[in-house]
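Asks: This structure is in structure tokens; I'll ask about it shortly.
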Amino acid sequence: MKSIAVLTSGGDAPGMNAAVRAVVRTGVAHGLNVWGVYQGYSGLIEGNFKRIGTRDVGSIIQRGGTILGSARCAEFQTEEGRELAIRRLRGAGIEGLIVIGGNGSQTGSHALSQMGYPVVGVASTIDNDLFGSDVTIGVDTALNVALNAIDNLKVTASSHRRALLVEVMGRQCGYLALMCGVAGGAEAIVLPEVETSPEQVAEKIQNAYERGKPHAIVVVAEGAKFNAEGLCKAFQKKRLLIGYEFRSTVLGYVLRGAAPTCADRLLGTRLGCAAVEQIAAGNKNVLVGMSHGEVITTPLDEVIRGRKPLDPWYLSVADLLAH
Ligand code: ATP
């Protein structure tokens with residue numbers, strides 16, 4: 001193999017740049033030509049890629065986002081779109097592709113591999129919902145941003161004796177909400193995976209009030225049946241007793257854009273290097289991820305079929321520790 005390409009796809013995640021840098025520099029060290037694809041799968045279809053060298057990835061390890069850009073590309077979900085992408089790659093003499101991204105992106109990389117094009121995926125999403133890696137690039141930074149916000153909100157909530165509902169990203173997966181809820185000492189955590197009624201949340205808040213707590217923090221995943229707005233409306237409409245005055249804050253995209261933490265820079269670096277080693281050794285159609293502190297590979301068809309459940313230990317202690 002002489003030439004490979006790398007792209008970032010789906011939601012941007014802090015640490016993607018560390019992975020791109022590692023791919024480029026490890027690739028060059030292996031004697032490969034490395035191409036950077038701009039704007040994810042859209043760039044692949046449009047032929048928007050160019051050769052990049054070690055100096056092109058200088059001073060990016062500390063930057064959030066992705067220097068390659070990202071996209072959500074509907075055309076790539078069609079066979080014609082993927083055929084065009086493969087023609088573009090082969091036309092430039094590129095023999096393998098590294099895809100840095102989450103669930104949707106790896107579903108795309110699997111579809112490409114099914115059409116005979118060699119791919120290696122790198123586990124990267126702030127949601128940490130990708131089967132095949134205990135931890136994904138970006139989640140540590142997102143957790144720390146959320147935690148910082150929760151700590152700040154707790155201070156103001158305590159000053160006014162308020163309940164504060166904090167909504168974090170997570171459409172199908174409550175990992176971010178659960179982990180920053182436990183680490184932030186939340187009184188209640190509301191997840192897509194565990195159906196929770198407004199009455200149950202109100203009861204937890206009211207209990208905190210009766211126990212004399214100066215605040216109640218409720219961390220809510222955006223994809224929960226009742227998100228922050230839904231809970232606030234239900235509290236008002238049903239006149240649920242919660243004791244405190246309440247407010248809500250939606251953190252949204254602020255979770256994505258921070259500079260990567262040390263953990264995400266190291267993870268991006270480790271997985272980026274490993275992806276090149278895999279592709280250079282002729283291994284293909286696998287995801288590179290981490291398990292128990294070691295780099296592992298998982299076939300892409302298992303990755304897209306697998307589900308990563310929430311950690312049952314954290315789920316079991318969340319309520320107990322809120323007392
Ligand atoms: P995150 O979860 O962090 O937002 P992601 O990788 O899951 O990241 P998605 O928007 O779900 O982000 O997917 C990124 C892109 O992957 C899509 O825009 C599309 O181009 C491609 N993709 C998703 N699903 C498929 C599919 N079934 N077949 C081919 N390509 C797909």
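Every chain in the structure tokens takes a letter, A first, then B, and so on in the order presented; its residues are numbered from 1, and the ligands are numbered from 1 following the presented order.
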Tell me which protein, DNA and RNA residues are within 9 Å of Ala263 in chain A, counting only C-alpha atoms, leaving out same-chain ones fewer than 6 positions away, and put them as a CSV table (one decimal) with all heavy atoms, in the first residue's frame.

Replies:
chain,number,residue,atom,x,y,z
A,15,GLY,N,-10.3,16.3,20.0
A,15,GLY,CA,-9.3,15.2,20.0
A,15,GLY,C,-9.3,14.6,18.5
A,15,GLY,O,-8.3,13.8,18.2
A,137,ILE,N,-13.0,9.2,21.4
A,137,ILE,CA,-12.4,10.5,21.3
A,137,ILE,C,-13.4,11.6,21.5
A,137,ILE,O,-14.5,11.6,20.8
A,137,ILE,CB,-11.7,10.7,20.0
A,137,ILE,CG1,-10.5,9.7,19.8
A,137,ILE,CG2,-11.1,12.1,19.8
A,137,ILE,CD1,-9.9,9.6,18.4
A,138,GLY,N,-13.2,12.5,22.4
A,138,GLY,CA,-14.1,13.6,22.6
A,138,GLY,C,-14.9,13.6,23.9
A,138,GLY,O,-15.4,14.6,24.4
A,140,ASP,N,-14.3,12.7,27.0
A,140,ASP,CA,-13.7,13.3,28.2
A,140,ASP,C,-13.8,14.8,28.2
A,140,ASP,O,-14.1,15.4,29.3
A,140,ASP,CB,-12.2,12.8,28.3
A,140,ASP,CG,-11.6,13.3,29.7
A,140,ASP,OD1,-12.1,12.7,30.7
A,140,ASP,OD2,-10.7,14.1,29.7
A,141,THR,N,-13.5,15.4,27.1
A,141,THR,CA,-13.6,16.9,27.1
A,141,THR,C,-15.0,17.3,27.3
A,141,THR,O,-15.3,18.3,28.1
A,141,THR,CB,-13.1,17.4,25.7
A,141,THR,OG1,-11.8,16.9,25.5
A,141,THR,CG2,-13.0,18.9,25.7

Asks: Considering only strand (DSSP E) as DSSP defines it on the backbone, what residues of range 82-175 of chain A qualify? List them as a PyMOL selection string.

Replies: chain A and resi 96-101+119-123+162-168

Asks: Can you tell me which residues surround Leu300 in chain A at a distance of at most 8 Å, considering only C-alpha atoms, apart from same-chain residues fewer than 5 positions away, and format the answer as an MDAnalysis selection string?

Replies: chainID A and resid 106:107 109:110 121 285:287

Asks: Take the residues from that selection and put them in a file with all heavy atoms, as a short mmCIF file (atom, residue, chain, number, x, y, z; two decimals), in the first residue's frame.

Replies:
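result_32.cif, written as the output of this step:
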data_model
loop_
_atom_site.label_atom_id
_atom_site.label_comp_id
_atom_site.auth_asym_id
_atom_site.auth_seq_id
_atom_site.Cartn_x
_atom_site.Cartn_y
_atom_site.Cartn_z
N GLN A 106 -19.34 5.22 11.12
CA GLN A 106 -18.82 3.85 10.98
C GLN A 106 -19.84 2.96 10.24
O GLN A 106 -19.45 1.98 9.60
CB GLN A 106 -18.44 3.25 12.34
CG GLN A 106 -17.41 4.07 13.12
CD GLN A 106 -16.14 4.43 12.32
OE1 GLN A 106 -15.83 3.83 11.30
NE2 GLN A 106 -15.43 5.46 12.77
N THR A 107 -21.12 3.32 10.29
CA THR A 107 -22.10 2.63 9.44
C THR A 107 -21.76 2.92 7.98
O THR A 107 -21.80 2.03 7.12
CB THR A 107 -23.54 3.11 9.76
OG1 THR A 107 -23.74 2.98 11.16
CG2 THR A 107 -24.59 2.29 9.03
N SER A 109 -18.70 3.74 6.88
CA SER A 109 -17.43 3.09 6.53
C SER A 109 -17.67 1.59 6.30
O SER A 109 -17.06 0.99 5.42
CB SER A 109 -16.36 3.33 7.60
OG SER A 109 -16.64 2.63 8.78
N HIS A 110 -18.59 1.00 7.06
CA HIS A 110 -18.92 -0.41 6.84
C HIS A 110 -19.55 -0.60 5.45
O HIS A 110 -19.20 -1.53 4.72
CB HIS A 110 -19.88 -0.90 7.93
CG HIS A 110 -20.35 -2.30 7.71
ND1 HIS A 110 -21.64 -2.59 7.31
CD2 HIS A 110 -19.71 -3.47 7.77
CE1 HIS A 110 -21.76 -3.90 7.16
NE2 HIS A 110 -20.61 -4.46 7.44
N GLY A 121 -11.73 2.22 10.81
CA GLY A 121 -12.44 3.26 11.56
C GLY A 121 -11.70 3.61 12.84
O GLY A 121 -10.99 2.78 13.41
N ASN A 285 -11.33 -3.05 7.34
CA ASN A 285 -12.73 -3.22 7.73
C ASN A 285 -12.90 -3.52 9.21
O ASN A 285 -13.69 -4.37 9.61
CB ASN A 285 -13.42 -4.27 6.85
CG ASN A 285 -13.15 -4.01 5.37
OD1 ASN A 285 -12.87 -2.86 5.00
ND2 ASN A 285 -13.21 -5.02 4.54
N VAL A 286 -12.09 -2.82 10.01
CA VAL A 286 -12.17 -2.92 11.47
C VAL A 286 -12.25 -1.53 12.07
O VAL A 286 -11.87 -0.54 11.43
CB VAL A 286 -10.92 -3.64 12.06
CG1 VAL A 286 -10.89 -5.10 11.69
CG2 VAL A 286 -9.62 -2.93 11.67
N LEU A 287 -12.74 -1.47 13.30
CA LEU A 287 -12.70 -0.24 14.09
C LEU A 287 -11.56 -0.37 15.09
O LEU A 287 -11.39 -1.42 15.71
CB LEU A 287 -14.01 -0.05 14.86
CG LEU A 287 -14.02 1.20 15.76
CD1 LEU A 287 -14.46 2.42 14.96
CD2 LEU A 287 -14.93 1.02 16.97
#

Asks: Please identify every residue of chain A that has at least one atom no farther than 8 Å from an atom of ligand 1, counting only C-alpha atoms and all ligand atoms, and for each give the shortest atom pair and the distance in Å to one decimal, arranged by chain then increasing number, as a tab-separated table.

Replies:
residue	atom	partner	partner_atom_place_in_ligand_line	distance
A:Ser9	CA	ligand 1	14 (C)	5.4
A:Gly10	CA	ligand 1	12 (O)	3.3
A:Gly11	CA	ligand 1	4 (O)	3.6
A:Asp12	CA	ligand 1	3 (O)	6.4
A:Ala13	CA	ligand 1	3 (O)	6.9
A:Gly40	CA	ligand 1	20 (O)	7.6
A:Tyr41	CA	ligand 1	20 (O)	5.6
A:Ser42	CA	ligand 1	20 (O)	7.3
A:Ala71	CA	ligand 1	18 (O)	6.1
A:Arg72	CA	ligand 1	18 (O)	3.0
A:Cys73	CA	ligand 1	20 (O)	3.6
A:Ala74	CA	ligand 1	20 (O)	5.2
A:Glu75	CA	ligand 1	20 (O)	6.8
A:Phe76	CA	ligand 1	20 (O)	4.8
A:Gln77	CA	ligand 1	29 (C)	3.7
A:Thr78	CA	ligand 1	29 (C)	6.9
A:Arg82	CA	ligand 1	29 (C)	7.9
A:Gly101	CA	ligand 1	6 (O)	4.5
A:Gly102	CA	ligand 1	6 (O)	3.4
A:Asn103	CA	ligand 1	7 (O)	3.8
A:Gly104	CA	ligand 1	13 (O)	3.4
A:Ser105	CA	ligand 1	16 (O)	3.6
A:Gln106	CA	ligand 1	6 (O)	6.4
A:Thr107	CA	ligand 1	25 (C)	4.9
A:Gly108	CA	ligand 1	30 (N)	3.3
A:Ser109	CA	ligand 1	30 (N)	7.0
A:His110	CA	ligand 1	29 (C)	7.8
A:Ala111	CA	ligand 1	29 (C)	5.7
A:Leu112	CA	ligand 1	29 (C)	7.6
A:Ser124	CA	ligand 1	3 (O)	6.8
A:Thr125	CA	ligand 1	3 (O)	3.9
A:Ile126	CA	ligand 1	3 (O)	5.7
A:Asp127	CA	ligand 1	3 (O)	6.1
A:Asp129	CA	ligand 1	2 (O)	7.7

Asks: Name the residues in contact with Leu44 in chain A at a cut-off of 8 Å, using only C-alpha atoms, excluding same-chain residues fewer than 6 positions from it; report them as a list in words.

Replies: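 Result of the neighbour search: Val37, Tyr38, Ala85, Arg88 and Leu89 of chain A.
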
Asks: Using only C-alpha atoms, what table do you get, as JSON lines, when you list each residue of range 126-164 of chain A with an atom no more than 10 Å from range 182-196 of chain A, its nearest pair of atoms, and their distance in Å rounded to one decimal, rows by chain then rising number?

Replies:
{"residue": "A:Leu143", "atom": "CA", "partner": "A:Ala183", "partner_atom": "CA", "distance": 9.2}
{"residue": "A:Asn144", "atom": "CA", "partner": "A:Ala183", "partner_atom": "CA", "distance": 9.7}
{"residue": "A:Ala146", "atom": "CA", "partner": "A:Gly184", "partner_atom": "CA", "distance": 8.8}
{"residue": "A:Leu147", "atom": "CA", "partner": "A:Gly184", "partner_atom": "CA", "distance": 5.9}
{"residue": "A:Asn148", "atom": "CA", "partner": "A:Gly184", "partner_atom": "CA", "distance": 8.6}
{"residue": "A:Ala149", "atom": "CA", "partner": "A:Gly184", "partner_atom": "CA", "distance": 9.3}
{"residue": "A:Ile150", "atom": "CA", "partner": "A:Gly184", "partner_atom": "CA", "distance": 6.3}
{"residue": "A:Asp151", "atom": "CA", "partner": "A:Gly184", "partner_atom": "CA", "distance": 6.6}
{"residue": "A:Lys154", "atom": "CA", "partner": "A:Gly184", "partner_atom": "CA", "distance": 8.9}
{"residue": "A:Ala163", "atom": "CA", "partner": "A:Glu187", "partner_atom": "CA", "distance": 9.4}
{"residue": "A:Leu164", "atom": "CA", "partner": "A:Ala186", "partner_atom": "CA", "distance": 9.8}

Asks: Take the residues that were just selected and, keeping C-alpha atoms, output them as a PDB file, in the first residue's frame.

Replies:
ATOM      1  CA  LEU A 143     -17.775  15.651  30.224  1.00  0.00           C
ATOM      2  CA  ASN A 144     -15.395  18.202  31.663  1.00  0.00           C
ATOM      3  CA  ALA A 146     -20.549  19.814  31.268  1.00  0.00           C
ATOM      4  CA  LEU A 147     -19.112  19.326  34.729  1.00  0.00           C
ATOM      5  CA  ASN A 148     -17.720  22.826  34.822  1.00  0.00           C
ATOM      6  CA  ALA A 149     -21.174  24.175  33.902  1.00  0.00           C
ATOM      7  CA  ILE A 150     -22.877  22.010  36.536  1.00  0.00           C
ATOM      8  CA  ASP A 151     -20.438  23.202  39.214  1.00  0.00           C
ATOM      9  CA  LYS A 154     -24.810  24.625  41.596  1.00  0.00           C
ATOM     10  CA  ALA A 163     -33.711  23.650  41.435  1.00  0.00           C
ATOM     11  CA  LEU A 164     -31.765  23.741  38.176  1.00  0.00           C
TER      12      LEU A 164
END

Asks: Ranking A:Val28, A:Cys262, A:Cys273, A:Ile205 by minimum distance to Ile242 in chain A and counting only C-alpha atoms, which one comes first?

Replies: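 Of all the options, A:Ile205 lies closest to Ile242 in chain A.
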
Asks: What does the distance between CA of Phe235 in chain A and CA of Gly223 in chain A come to in Å, to one decimal place?

Replies: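 Straight-line distance from CA of Phe235 in chain A to CA of Gly223 in chain A works out to 18.5 Å.
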